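Structure file model-v8.txt (compact mmCIF, C-alpha atoms) follows.
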```
# COMPACT_ATOMS: atom_id res chain seq x y z
CA MET A 665 0.00 0.00 0.00
CA SER A 666 2.84 2.39 0.83
CA GLU A 667 4.00 2.11 -2.80
CA SER A 668 0.74 3.43 -4.21
CA VAL A 669 0.71 6.87 -5.78
CA PRO A 670 -0.52 9.49 -3.28
CA ARG A 671 -3.81 10.95 -4.40
CA ARG A 672 -2.97 14.44 -3.17
CA ARG A 673 0.07 16.48 -3.95
CA GLY A 674 0.19 20.23 -3.54
CA ARG A 675 -3.20 21.87 -3.72
CA ARG A 676 -6.36 19.83 -3.97
CA PRO A 677 -7.95 19.15 -7.36
CA ALA A 678 -10.75 21.57 -8.26
CA GLY A 679 -13.41 18.87 -7.72
CA GLU A 680 -12.43 18.45 -4.11
CA ASP A 681 -12.51 22.19 -3.50
CA THR A 682 -16.01 22.33 -4.95
CA ARG A 683 -17.19 19.42 -2.84
CA ALA A 684 -15.69 21.04 0.26
CA ALA A 685 -17.45 24.33 -0.52
CA ILE A 686 -20.76 22.48 -1.03
CA MET A 687 -20.27 20.59 2.24
CA ALA A 688 -19.54 23.78 4.18
CA ALA A 689 -22.60 25.48 2.70
CA ALA A 690 -24.74 22.41 3.38
CA ARG A 691 -23.77 22.23 7.05
CA LYS A 692 -24.66 25.89 7.43
CA GLN A 693 -28.00 25.47 5.63
CA PHE A 694 -29.02 22.40 7.63
CA ALA A 695 -28.15 24.08 10.92
CA ALA A 696 -29.82 27.39 10.04
CA ARG A 697 -32.95 26.12 8.29
CA GLY A 698 -33.30 22.50 9.36
CA TYR A 699 -33.39 19.51 7.04
CA GLU A 700 -36.85 20.08 5.58
CA ALA A 701 -36.41 23.71 4.55
CA ALA A 702 -32.87 23.36 3.22
CA THR A 703 -32.70 23.05 -0.57
CA MET A 704 -30.13 21.96 -3.13
CA ARG A 705 -30.57 25.37 -4.78
CA GLY A 706 -29.92 27.24 -1.52
CA ILE A 707 -26.86 25.14 -0.81
CA ALA A 708 -25.51 25.86 -4.31
CA ARG A 709 -26.09 29.58 -3.84
CA ASP A 710 -24.30 29.61 -0.48
CA ALA A 711 -21.43 27.61 -1.96
CA GLY A 712 -21.21 29.99 -4.91
CA VAL A 713 -21.63 27.24 -7.48
CA ASP A 714 -24.16 26.34 -10.15
CA PRO A 715 -27.01 24.18 -8.82
CA ARG A 716 -26.33 21.68 -11.60
CA LEU A 717 -22.90 21.14 -10.06
CA VAL A 718 -24.47 20.16 -6.74
CA HIS A 719 -26.67 17.68 -8.61
CA HIS A 720 -23.59 16.42 -10.41
CA TYR A 721 -21.99 15.44 -7.11
CA PHE A 722 -25.06 14.45 -5.11
CA ALA A 723 -28.18 12.60 -6.20
CA SER A 724 -30.38 14.20 -3.54
CA LYS A 725 -30.58 16.38 -0.47
CA GLU A 726 -30.51 13.18 1.56
CA GLU A 727 -27.13 12.30 0.06
CA VAL A 728 -25.78 15.77 0.86
CA PHE A 729 -26.94 15.43 4.46
CA VAL A 730 -25.50 11.92 4.82
CA GLU A 731 -22.09 13.17 3.69
CA ALA A 732 -22.25 16.41 5.68
CA MET A 733 -23.18 14.59 8.91
CA GLN A 734 -20.89 11.63 8.13
CA PHE A 735 -23.75 9.19 8.40
CA PRO A 736 -22.27 5.76 7.66
CA VAL A 737 -25.11 4.78 5.29
CA ARG A 738 -27.80 6.39 3.17
CA PRO A 739 -31.13 5.51 4.78
CA THR A 740 -32.88 5.29 1.42
CA THR A 741 -30.37 2.65 0.32
CA VAL A 742 -30.77 0.39 3.36
CA ILE A 743 -34.39 1.00 4.28
CA GLY A 744 -35.80 0.04 0.89
CA PRO A 745 -34.77 -3.64 1.09
CA LEU A 746 -35.56 -3.64 4.80
CA VAL A 747 -39.20 -2.69 4.44
CA GLU A 748 -39.96 -4.23 1.05
CA ALA A 749 -39.96 -7.73 2.54
CA GLY A 750 -42.87 -6.70 4.77
CA PRO A 751 -43.39 -6.70 8.53
CA ASP A 752 -42.38 -10.34 9.11
CA GLY A 753 -38.88 -10.39 10.55
CA MET A 754 -38.49 -6.63 10.06
CA GLY A 755 -37.35 -6.22 13.68
CA GLU A 756 -34.33 -8.43 13.14
CA ARG A 757 -33.51 -6.90 9.74
CA LEU A 758 -33.68 -3.41 11.25
CA VAL A 759 -31.43 -4.30 14.18
CA ARG A 760 -28.92 -5.97 11.82
CA VAL A 761 -28.84 -2.95 9.51
CA PHE A 762 -28.33 -0.69 12.52
CA PHE A 763 -25.33 -2.57 13.86
CA ALA A 764 -23.85 -3.11 10.39
CA ALA A 765 -23.87 0.66 9.92
CA TRP A 766 -22.79 1.84 13.35
CA ASP A 767 -20.84 -0.90 15.11
CA GLY A 768 -17.27 -0.06 14.17
CA PRO A 769 -14.51 1.88 15.90
CA ASP A 770 -14.68 4.61 13.23
CA GLN A 771 -18.40 5.06 13.80
CA ARG A 772 -18.31 5.76 17.53
CA GLU A 773 -17.03 9.28 17.10
CA ARG A 774 -19.67 9.97 14.47
CA ILE A 775 -22.42 8.75 16.78
CA MET A 776 -21.02 10.86 19.57
CA ALA A 777 -20.86 13.94 17.33
CA LEU A 778 -24.42 13.35 16.16
CA LEU A 779 -25.89 12.81 19.64
CA ALA A 780 -23.84 15.70 21.05
CA SER A 781 -25.05 18.05 18.31
CA ALA A 782 -28.67 17.10 19.04
CA ALA A 783 -28.17 17.34 22.80
CA THR A 784 -26.47 20.72 22.87
CA SER A 785 -28.27 22.90 20.35
CA PRO A 786 -31.87 23.34 19.23
CA GLU A 787 -30.53 23.53 15.66
CA GLY A 788 -28.81 20.17 15.99
CA ALA A 789 -31.94 18.65 17.50
CA ARG A 790 -34.17 20.00 14.73
CA MET A 791 -31.81 18.87 11.99
CA LEU A 792 -31.71 15.33 13.35
CA ARG A 793 -35.46 15.29 14.06
CA GLU A 794 -36.38 16.34 10.53
CA PHE A 795 -33.93 14.02 8.83
CA VAL A 796 -34.84 10.97 10.91
CA SER A 797 -38.51 11.78 10.51
CA GLN A 798 -38.53 12.25 6.75
CA GLU A 799 -35.91 9.77 5.56
CA ILE A 800 -36.24 6.96 8.10
CA LEU A 801 -39.47 6.92 10.13
CA GLN A 802 -41.78 7.89 7.31
CA ARG A 803 -40.46 5.04 5.17
CA VAL A 804 -40.64 2.48 7.96
CA ALA A 805 -44.09 3.56 9.18
CA ALA A 806 -45.47 3.34 5.63
CA VAL A 807 -45.32 -0.47 5.66
CA LEU A 808 -46.55 -1.01 9.24
CA PRO A 809 -50.12 -2.00 10.08
CA GLY A 810 -52.49 -0.03 12.28
CA PRO A 811 -53.19 3.59 13.12
CA ASP A 812 -50.19 3.90 15.46
CA ALA A 813 -47.65 2.96 12.77
CA ARG A 814 -45.68 6.14 13.16
CA LEU A 815 -45.56 5.94 16.96
CA ARG A 816 -44.47 2.29 16.69
CA ALA A 817 -41.67 3.19 14.31
CA GLU A 818 -40.53 5.87 16.77
CA LEU A 819 -40.52 3.46 19.68
CA ALA A 820 -38.40 1.04 17.65
CA ALA A 821 -36.05 3.92 16.78
CA SER A 822 -35.91 5.01 20.43
CA GLN A 823 -34.78 1.50 21.41
CA MET A 824 -31.89 1.63 18.97
CA ILE A 825 -30.94 5.23 19.80
CA GLY A 826 -30.88 4.24 23.48
CA VAL A 827 -28.63 1.28 22.70
CA ALA A 828 -26.31 3.63 20.79
CA PHE A 829 -26.24 5.99 23.76
CA VAL A 830 -25.46 3.26 26.30
CA ARG A 831 -23.12 1.14 24.13
CA TYR A 832 -21.12 3.85 22.37
CA LEU A 833 -21.54 7.07 24.29
CA ILE A 834 -21.52 6.26 27.99
CA ALA A 835 -20.06 2.80 27.27
CA LEU A 836 -21.77 0.84 30.02
CA ASP A 837 -20.54 -2.72 30.32
CA PRO A 838 -21.59 -5.44 29.60
CA LEU A 839 -23.69 -3.76 26.87
CA ALA A 840 -20.66 -1.87 25.51
CA SER A 841 -18.68 -5.04 24.88
CA ALA A 842 -21.44 -7.59 24.21
CA PRO A 843 -21.12 -9.43 20.87
CA VAL A 844 -23.38 -7.98 18.20
CA GLU A 845 -25.03 -11.37 17.61
CA GLN A 846 -26.10 -11.57 21.25
CA LEU A 847 -27.56 -8.08 21.07
CA ILE A 848 -29.41 -8.88 17.85
CA GLU A 849 -30.90 -11.94 19.52
CA LEU A 850 -32.08 -9.87 22.49
CA LEU A 851 -33.22 -6.79 20.60
CA ALA A 852 -34.87 -8.23 17.48
CA PRO A 853 -38.03 -9.56 19.24
CA VAL A 854 -38.46 -6.30 21.14
CA VAL A 855 -38.08 -4.14 18.05
CA GLN A 856 -40.39 -6.52 16.19
CA ARG A 857 -42.99 -6.08 18.92
CA HIS A 858 -42.69 -2.31 18.66
CA LEU A 859 -43.16 -2.47 14.90
CA VAL A 860 -46.06 -4.87 14.54
CA GLY A 861 -47.54 -5.14 18.02
CA PRO A 862 -47.88 -8.03 20.46
CA LEU A 863 -47.13 -11.47 19.14
CA PRO A 864 -50.34 -13.54 18.86
CA ALA A 865 -49.42 -15.84 21.74
CA ASP A 866 -48.43 -13.00 24.06
CA PRO A 867 -50.44 -12.81 27.26
CA GLY A 868 -51.96 -9.36 27.32
CA ALA A 869 -52.18 -9.14 23.54
CA GLY A 870 -54.91 -6.71 22.54
CA ARG A 871 -55.49 -5.58 26.12
CA PRO A 872 -56.86 -2.04 25.90
CA ALA A 873 -54.79 0.86 27.23
CA ALA A 874 -55.43 1.80 30.85
CA GLY A 875 -56.99 5.14 31.67
CA MET B 928 -49.26 33.06 48.19
CA SER B 929 -48.08 36.57 47.34
CA GLU B 930 -48.76 37.57 50.96
CA SER B 931 -46.35 35.02 52.37
CA VAL B 932 -43.14 36.23 53.95
CA PRO B 933 -40.28 36.07 51.46
CA ARG B 934 -37.70 33.52 52.58
CA ARG B 935 -34.76 35.55 51.36
CA ARG B 936 -33.95 39.14 52.17
CA GLY B 937 -30.46 40.58 51.92
CA ARG B 938 -27.76 37.93 52.08
CA ARG B 939 -28.54 34.26 52.24
CA PRO B 940 -28.62 32.44 55.58
CA ALA B 941 -25.36 30.69 56.46
CA GLY B 942 -26.90 27.25 55.81
CA GLU B 943 -27.62 28.11 52.19
CA ASP B 944 -24.10 29.39 51.66
CA THR B 945 -22.73 26.14 53.05
CA ARG B 946 -25.01 24.03 50.86
CA ALA B 947 -23.99 26.08 47.82
CA ALA B 948 -20.30 25.60 48.63
CA ILE B 949 -20.84 21.84 49.06
CA MET B 950 -22.73 21.68 45.75
CA ALA B 951 -19.98 23.56 43.88
CA ALA B 952 -17.33 21.27 45.36
CA ALA B 953 -19.43 18.18 44.59
CA ARG B 954 -19.87 19.09 40.92
CA LYS B 955 -16.13 19.58 40.60
CA GLN B 956 -15.34 16.28 42.35
CA PHE B 957 -17.82 14.27 40.28
CA ALA B 958 -16.52 15.76 37.04
CA ALA B 959 -12.85 15.37 37.97
CA ARG B 960 -12.91 11.96 39.66
CA GLY B 961 -16.16 10.34 38.51
CA TYR B 962 -18.95 9.14 40.77
CA GLU B 963 -17.19 6.08 42.20
CA ALA B 964 -13.98 7.79 43.30
CA ALA B 965 -15.60 10.94 44.67
CA THR B 966 -16.00 10.91 48.47
CA MET B 967 -17.98 12.85 51.03
CA ARG B 968 -14.67 13.66 52.74
CA GLY B 969 -13.10 14.99 49.55
CA ILE B 970 -16.16 17.12 48.80
CA ALA B 971 -16.03 18.56 52.36
CA ARG B 972 -12.33 19.36 51.95
CA ASP B 973 -12.90 21.11 48.60
CA ALA B 974 -15.82 23.05 50.07
CA GLY B 975 -13.72 24.06 53.08
CA VAL B 976 -16.17 22.62 55.58
CA ASP B 977 -16.13 19.89 58.22
CA PRO B 978 -17.11 16.46 56.78
CA ARG B 979 -19.73 16.17 59.54
CA LEU B 980 -21.46 19.19 58.05
CA VAL B 981 -21.76 17.43 54.67
CA HIS B 982 -23.30 14.45 56.47
CA HIS B 983 -25.61 16.83 58.28
CA TYR B 984 -27.05 18.04 54.97
CA PHE B 985 -26.84 14.85 52.92
CA ALA B 986 -27.47 11.26 53.94
CA SER B 987 -25.15 9.82 51.28
CA LYS B 988 -22.99 10.49 48.25
CA GLU B 989 -25.97 9.43 46.15
CA GLU B 990 -28.03 12.24 47.69
CA VAL B 991 -25.27 14.78 46.98
CA PHE B 992 -25.12 13.64 43.34
CA VAL B 993 -28.89 13.73 42.94
CA GLU B 994 -28.98 17.33 44.13
CA ALA B 995 -25.87 18.40 42.21
CA MET B 996 -27.21 16.95 38.94
CA GLN B 997 -30.80 17.98 39.68
CA PHE B 998 -32.04 14.43 39.32
CA PRO B 999 -35.77 14.59 40.03
CA VAL B 1000 -35.70 11.51 42.32
CA ARG B 1001 -33.26 9.54 44.45
CA PRO B 1002 -32.86 6.15 42.75
CA THR B 1003 -32.48 4.37 46.11
CA THR B 1004 -35.87 5.74 47.17
CA VAL B 1005 -37.78 4.62 44.09
CA ILE B 1006 -35.90 1.47 43.13
CA GLY B 1007 -36.34 -0.26 46.48
CA PRO B 1008 -40.14 -0.61 46.22
CA LEU B 1009 -39.82 -1.28 42.50
CA VAL B 1010 -37.62 -4.33 42.81
CA GLU B 1011 -38.84 -5.68 46.17
CA ALA B 1012 -42.09 -6.89 44.61
CA GLY B 1013 -40.04 -9.22 42.37
CA PRO B 1014 -39.80 -9.63 38.60
CA ASP B 1015 -43.56 -9.96 37.96
CA GLY B 1016 -44.84 -6.67 36.57
CA MET B 1017 -41.48 -4.98 37.13
CA GLY B 1018 -41.46 -3.70 33.55
CA GLU B 1019 -44.60 -1.68 34.08
CA ARG B 1020 -43.52 -0.43 37.52
CA LEU B 1021 -40.19 0.69 36.08
CA VAL B 1022 -41.78 2.52 33.16
CA ARG B 1023 -44.27 4.23 35.52
CA VAL B 1024 -41.52 5.35 37.88
CA PHE B 1025 -39.54 6.70 34.93
CA PHE B 1026 -42.36 8.84 33.59
CA ALA B 1027 -43.45 9.95 37.08
CA ALA B 1028 -39.93 11.28 37.61
CA TRP B 1029 -39.16 12.78 34.21
CA ASP B 1030 -42.39 13.65 32.43
CA GLY B 1031 -42.90 17.25 33.46
CA PRO B 1032 -42.06 20.56 31.80
CA ASP B 1033 -39.49 21.34 34.52
CA GLN B 1034 -37.72 18.05 33.90
CA ARG B 1035 -37.06 18.45 30.20
CA GLU B 1036 -34.23 20.91 30.72
CA ARG B 1037 -32.68 18.63 33.31
CA ILE B 1038 -32.81 15.68 30.95
CA MET B 1039 -31.29 17.80 28.21
CA ALA B 1040 -28.51 19.01 30.51
CA LEU B 1041 -27.80 15.44 31.61
CA LEU B 1042 -27.72 13.97 28.11
CA ALA B 1043 -25.74 16.94 26.80
CA SER B 1044 -23.15 16.60 29.55
CA ALA B 1045 -22.73 12.90 28.76
CA ALA B 1046 -22.63 13.53 25.02
CA THR B 1047 -20.09 16.34 25.05
CA SER B 1048 -17.43 15.39 27.58
CA PRO B 1049 -15.75 12.15 28.66
CA GLU B 1050 -16.09 13.39 32.26
CA GLY B 1051 -19.85 13.80 31.87
CA ALA B 1052 -20.11 10.37 30.28
CA ARG B 1053 -18.09 8.73 33.07
CA MET B 1054 -20.04 10.48 35.82
CA LEU B 1055 -23.37 9.31 34.39
CA ARG B 1056 -22.04 5.82 33.62
CA GLU B 1057 -20.77 5.26 37.15
CA PHE B 1058 -23.85 6.69 38.84
CA VAL B 1059 -26.34 4.78 36.68
CA SER B 1060 -24.27 1.63 37.04
CA GLN B 1061 -23.88 1.72 40.82
CA GLU B 1062 -27.15 3.26 41.99
CA ILE B 1063 -29.62 1.98 39.39
CA LEU B 1064 -28.47 -1.00 37.31
CA GLN B 1065 -26.77 -2.88 40.13
CA ARG B 1066 -29.94 -2.72 42.23
CA VAL B 1067 -32.23 -3.75 39.39
CA ALA B 1068 -29.96 -6.55 38.15
CA ALA B 1069 -29.72 -7.99 41.67
CA VAL B 1070 -33.33 -9.23 41.56
CA LEU B 1071 -33.34 -10.49 37.96
CA PRO B 1072 -32.98 -14.15 37.05
CA GLY B 1073 -30.26 -15.64 34.87
CA PRO B 1074 -26.60 -14.98 34.09
CA ASP B 1075 -27.37 -12.01 31.80
CA ALA B 1076 -29.20 -10.04 34.50
CA ARG B 1077 -26.93 -7.03 34.21
CA LEU B 1078 -27.10 -6.93 30.39
CA ARG B 1079 -30.90 -7.24 30.59
CA ALA B 1080 -31.10 -4.33 33.02
CA GLU B 1081 -28.97 -2.25 30.64
CA LEU B 1082 -31.20 -3.06 27.66
CA ALA B 1083 -34.24 -1.98 29.68
CA ALA B 1084 -32.41 1.22 30.63
CA SER B 1085 -31.40 1.81 27.01
CA GLN B 1086 -35.06 1.62 25.98
CA MET B 1087 -36.03 4.32 28.46
CA ILE B 1088 -32.98 6.52 27.70
CA GLY B 1089 -33.88 6.29 24.01
CA VAL B 1090 -37.46 7.31 24.77
CA ALA B 1091 -36.14 10.28 26.77
CA PHE B 1092 -33.92 11.25 23.84
CA VAL B 1093 -36.70 11.05 21.25
CA ARG B 1094 -39.55 12.42 23.41
CA TYR B 1095 -37.77 15.23 25.25
CA LEU B 1096 -34.60 16.03 23.40
CA ILE B 1097 -35.32 15.83 19.69
CA ALA B 1098 -39.08 15.94 20.35
CA LEU B 1099 -40.26 13.70 17.53
CA ASP B 1100 -44.01 13.58 17.19
CA PRO B 1101 -46.17 11.62 17.85
CA LEU B 1102 -43.89 10.21 20.57
CA ALA B 1103 -43.24 13.67 22.01
CA SER B 1104 -46.93 14.36 22.61
CA ALA B 1105 -48.31 10.85 23.20
CA PRO B 1106 -50.18 10.44 26.51
CA VAL B 1107 -48.05 8.80 29.18
CA GLU B 1108 -50.63 6.04 29.69
CA GLN B 1109 -50.38 5.02 26.04
CA LEU B 1110 -46.60 4.91 26.25
CA ILE B 1111 -46.72 2.85 29.44
CA GLU B 1112 -49.03 0.38 27.69
CA LEU B 1113 -46.64 0.09 24.74
CA LEU B 1114 -43.36 0.10 26.66
CA ALA B 1115 -44.16 -2.02 29.73
CA PRO B 1116 -44.24 -5.41 27.91
CA VAL B 1117 -41.03 -4.59 26.07
CA VAL B 1118 -39.18 -3.53 29.21
CA GLN B 1119 -40.60 -6.59 30.99
CA ARG B 1120 -39.22 -8.80 28.24
CA HIS B 1121 -35.80 -7.17 28.57
CA LEU B 1122 -35.84 -7.72 32.33
CA VAL B 1123 -37.05 -11.31 32.60
CA GLY B 1124 -36.70 -12.73 29.10
CA PRO B 1125 -39.26 -14.04 26.63
CA LEU B 1126 -42.74 -14.62 27.94
CA PRO B 1127 -43.49 -18.37 28.18
CA ALA B 1128 -45.96 -18.33 25.29
CA ASP B 1129 -43.68 -16.32 22.98
CA PRO B 1130 -42.81 -18.04 19.73
CA GLY B 1131 -39.04 -18.24 19.68
CA ALA B 1132 -38.75 -18.46 23.46
CA GLY B 1133 -35.49 -20.11 24.40
CA ARG B 1134 -34.21 -20.12 20.85
CA PRO B 1135 -30.39 -20.14 21.09
CA ALA B 1136 -28.41 -17.18 19.78
CA ALA B 1137 -27.32 -17.38 16.17
CA GLY B 1138 -23.65 -17.76 15.30
```
This structure in structure tokens:
Amino acid sequence: MSESVPRRRGRRPAGEDTRAAIMAAARKQFAARGYEAATMRGIARDAGVDPRLVHHYFASKEEVFVEAMQFPVRPTTVIGPLVEAGPDGMGERLVRVFFAAWDGPDQRERIMALLASAATSPEGARMLREFVSQEILQRVAAVLPGPDARLRAELAASQMIGVAFVRYLIALDPLASAPVEQLIELLAPVVQRHLVGPLPADPGAGRPAAG
Amino acid sequence: MSESVPRRRGRRPAGEDTRAAIMAAARKQFAARGYEAATMRGIARDAGVDPRLVHHYFASKEEVFVEAMQFPVRPTTVIGPLVEAGPDGMGERLVRVFFAAWDGPDQRERIMALLASAATSPEGARMLREFVSQEILQRVAAVLPGPDARLRAELAASQMIGVAFVRYLIALDPLASAPVEQLIELLAPVVQRHLVGPLPADPGAGRPAAG
């Protein structure tokens, strides 16, 4: 590997400068306007480039956000296959996709940056809320049964966000060092229950809410 | 109420000054040394007061921490009754205690401060990790069956931390505005499953971990 030609020498190629300018403008737009109100056109304007150039580098606003926030995966790429197979087994597929994306040493800092940004500024919280809402929860809820589909998708998400907080951020053992396969085994049925409701054989299935 | 005698006029009574000095010293100790290594004696020394005075105001290090971090409840006070009744129905009791403590407008800022402190500094993360570990998880895990009791307690905690993050911090609707009773109904069985394992009638109960 050390013999390979270095990709950078002297100043960066023009393409990289443009990308960097787009990224800087995007981060500002997302923080100032949130994910929903930010536009490819506005990002291009702030970056001082032609909008067509932004579209040349990025297929969508989602892709810009994913790169700006250093998300390890594009939700649209992973959630499609995850939900297309229907509710059966979706809990396990969702948990697997989550750990495949986030469970690496490089990802911990990204998770920390993301949670810290949401925890310390209203702008960070709004940005994450709007992105998660539009690109993740809306897609998951669309294939779930029942009137509470969206709430169920959020409860499933809250389980995985909580695991990220405890495993990566405050690093509580044994959860922090448990093998991923053990966690999948323990979390999949719970996430599945959130998504599609009580399993048929569950005692208490269909019991009406108290109050 | 407006007719009542104001409690403060001019400078604060000596007792309040002492408490404030103890609190300032405690916050520094917890941040610098973590929860486990901090001591009542060390806090007294940093506050420039006799250790007996710290014990006069606070029954334990846990009580000092709870006041310093503005925790809404003392874990030892609420967890005792919660676990003494045994594993049956513990999921629901735990979820109820959680919302009773945290689900008020005054509490949101405290939750945000707590999560932000853990998300933005290793000291904040360690402080929270050690406190949650020693004063909450250890007590809950002690009454759970099986070798994975501690991991199960952490998964239950991660569910509730995730709910706090989504409901209070990023405020995703409908979870942010759902009635507490509806959330208890949806979360109790899931937390119960984390705590004591699959319900007997669950399909997949006792299935060995993959891999």
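Nearest to Arg691 of chain A of all the residues A:Ala782, A:Met791, A:Leu819, A:Ala777 is A:Met791, based on only C-alpha atoms.
Compared by their closest atoms to Asp1030 of chain B, and using only C-alpha atoms, the residues B:Met950, B:Leu1113, B:Ala1091, B:Ala1084 rank with B:Ala1091 nearest.
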Give me the residues near Val981 of chain B as a PDB file with C-alpha atoms, in the frame of the given file, where near means some atom within 8 Å (using only C-alpha atoms) and where sequence neighbours in that chain fewer than 5 positions away do not count.
```
ATOM      1  CA  ILE B 949     -20.840  21.840  49.060  1.00  0.00           C
ATOM      2  CA  MET B 967     -17.980  12.850  51.030  1.00  0.00           C
ATOM      3  CA  ALA B 971     -16.030  18.560  52.360  1.00  0.00           C
ATOM      4  CA  VAL B 976     -16.170  22.620  55.580  1.00  0.00           C
TER       5      VAL B 976
END
```
Per residue of chain A within 7 Å of chain B, what are the shortest atom pair and its distance in Å to one decimal, counting all atoms listed in the file, with rows by chain and residue number, as JSON lines?
```
{"residue": "A:Met776", "atom": "CA", "partner": "B:Ala1046", "partner_atom": "CA", "distance": 6.3}
{"residue": "A:Leu779", "atom": "CA", "partner": "B:Ala1046", "partner_atom": "CA", "distance": 6.3}
{"residue": "A:Ala780", "atom": "CA", "partner": "B:Ala1046", "partner_atom": "CA", "distance": 4.7}
{"residue": "A:Ala782", "atom": "CA", "partner": "B:Ile1097", "partner_atom": "CA", "distance": 6.8}
{"residue": "A:Ala783", "atom": "CA", "partner": "B:Ala1043", "partner_atom": "CA", "distance": 4.7}
{"residue": "A:Thr784", "atom": "CA", "partner": "B:Ala1043", "partner_atom": "CA", "distance": 5.5}
{"residue": "A:Ala789", "atom": "CA", "partner": "B:Ile1097", "partner_atom": "CA", "distance": 4.9}
{"residue": "A:Arg790", "atom": "CA", "partner": "B:Ile1097", "partner_atom": "CA", "distance": 6.6}
{"residue": "A:Arg793", "atom": "CA", "partner": "B:Ile1097", "partner_atom": "CA", "distance": 5.7}
{"residue": "A:Leu815", "atom": "CA", "partner": "B:Pro1101", "partner_atom": "CA", "distance": 5.8}
{"residue": "A:Glu818", "atom": "CA", "partner": "B:Leu1102", "partner_atom": "CA", "distance": 6.7}
{"residue": "A:Ser822", "atom": "CA", "partner": "B:Gly1089", "partner_atom": "CA", "distance": 4.3}
{"residue": "A:Gln823", "atom": "CA", "partner": "B:Gln1086", "partner_atom": "CA", "distance": 4.6}
{"residue": "A:Ile825", "atom": "CA", "partner": "B:Gly1089", "partner_atom": "CA", "distance": 5.2}
{"residue": "A:Gly826", "atom": "CA", "partner": "B:Gly1089", "partner_atom": "CA", "distance": 3.7}
{"residue": "A:Val827", "atom": "CA", "partner": "B:Ser1085", "partner_atom": "CA", "distance": 5.2}
{"residue": "A:Val830", "atom": "CA", "partner": "B:Ser1085", "partner_atom": "CA", "distance": 6.2}
{"residue": "A:Leu833", "atom": "CA", "partner": "B:Ala1046", "partner_atom": "CA", "distance": 6.6}
{"residue": "A:Ile834", "atom": "CA", "partner": "B:Ala1052", "partner_atom": "CA", "distance": 4.9}
{"residue": "A:Leu836", "atom": "CA", "partner": "B:Arg1056", "partner_atom": "CA", "distance": 6.2}
{"residue": "A:Pro838", "atom": "CA", "partner": "B:Leu1078", "partner_atom": "CA", "distance": 5.8}
{"residue": "A:Leu839", "atom": "CA", "partner": "B:Leu1078", "partner_atom": "CA", "distance": 5.8}
{"residue": "A:Glu845", "atom": "CA", "partner": "B:Ala1137", "partner_atom": "CA", "distance": 6.6}
{"residue": "A:Gln846", "atom": "CA", "partner": "B:Ala1136", "partner_atom": "CA", "distance": 6.2}
{"residue": "A:Glu849", "atom": "CA", "partner": "B:Ala1136", "partner_atom": "CA", "distance": 5.8}
{"residue": "A:Val854", "atom": "CA", "partner": "B:Val1117", "partner_atom": "CA", "distance": 5.8}
{"residue": "A:Ala865", "atom": "CA", "partner": "B:Ala1128", "partner_atom": "CA", "distance": 5.5}
{"residue": "A:Asp866", "atom": "CA", "partner": "B:Asp1129", "partner_atom": "CA", "distance": 5.9}
{"residue": "A:Ala873", "atom": "CA", "partner": "B:Glu1112", "partner_atom": "CA", "distance": 5.8}
{"residue": "A:Ala874", "atom": "CA", "partner": "B:Glu1108", "partner_atom": "CA", "distance": 6.5}
{"residue": "A:Gly875", "atom": "CA", "partner": "B:Glu1108", "partner_atom": "CA", "distance": 6.7}
```
Close residues, Pro739 of chain A itself excluded, 12 Å, all atoms listed in the file, min 4 positions apart in chain, as a ChimeraX atom specification | /A:726-727,729-731,735,743-747,758,761-762,765,795-804
Take the residues that were just selected and, keeping C-alpha atoms, output them as an mmCIF file, in the frame of the given file.
```
data_model
loop_
_atom_site.group_PDB
_atom_site.id
_atom_site.type_symbol
_atom_site.label_atom_id
_atom_site.label_comp_id
_atom_site.auth_asym_id
_atom_site.auth_seq_id
_atom_site.Cartn_x
_atom_site.Cartn_y
_atom_site.Cartn_z
ATOM 1 C CA GLU A 726 -30.510 13.180 1.560
ATOM 2 C CA GLU A 727 -27.130 12.300 0.060
ATOM 3 C CA PHE A 729 -26.940 15.430 4.460
ATOM 4 C CA VAL A 730 -25.500 11.920 4.820
ATOM 5 C CA GLU A 731 -22.090 13.170 3.690
ATOM 6 C CA PHE A 735 -23.750 9.190 8.400
ATOM 7 C CA ILE A 743 -34.390 1.000 4.280
ATOM 8 C CA GLY A 744 -35.800 0.040 0.890
ATOM 9 C CA PRO A 745 -34.770 -3.640 1.090
ATOM 10 C CA LEU A 746 -35.560 -3.640 4.800
ATOM 11 C CA VAL A 747 -39.200 -2.690 4.440
ATOM 12 C CA LEU A 758 -33.680 -3.410 11.250
ATOM 13 C CA VAL A 761 -28.840 -2.950 9.510
ATOM 14 C CA PHE A 762 -28.330 -0.690 12.520
ATOM 15 C CA ALA A 765 -23.870 0.660 9.920
ATOM 16 C CA PHE A 795 -33.930 14.020 8.830
ATOM 17 C CA VAL A 796 -34.840 10.970 10.910
ATOM 18 C CA SER A 797 -38.510 11.780 10.510
ATOM 19 C CA GLN A 798 -38.530 12.250 6.750
ATOM 20 C CA GLU A 799 -35.910 9.770 5.560
ATOM 21 C CA ILE A 800 -36.240 6.960 8.100
ATOM 22 C CA LEU A 801 -39.470 6.920 10.130
ATOM 23 C CA GLN A 802 -41.780 7.890 7.310
ATOM 24 C CA ARG A 803 -40.460 5.040 5.170
ATOM 25 C CA VAL A 804 -40.640 2.480 7.960
#
```
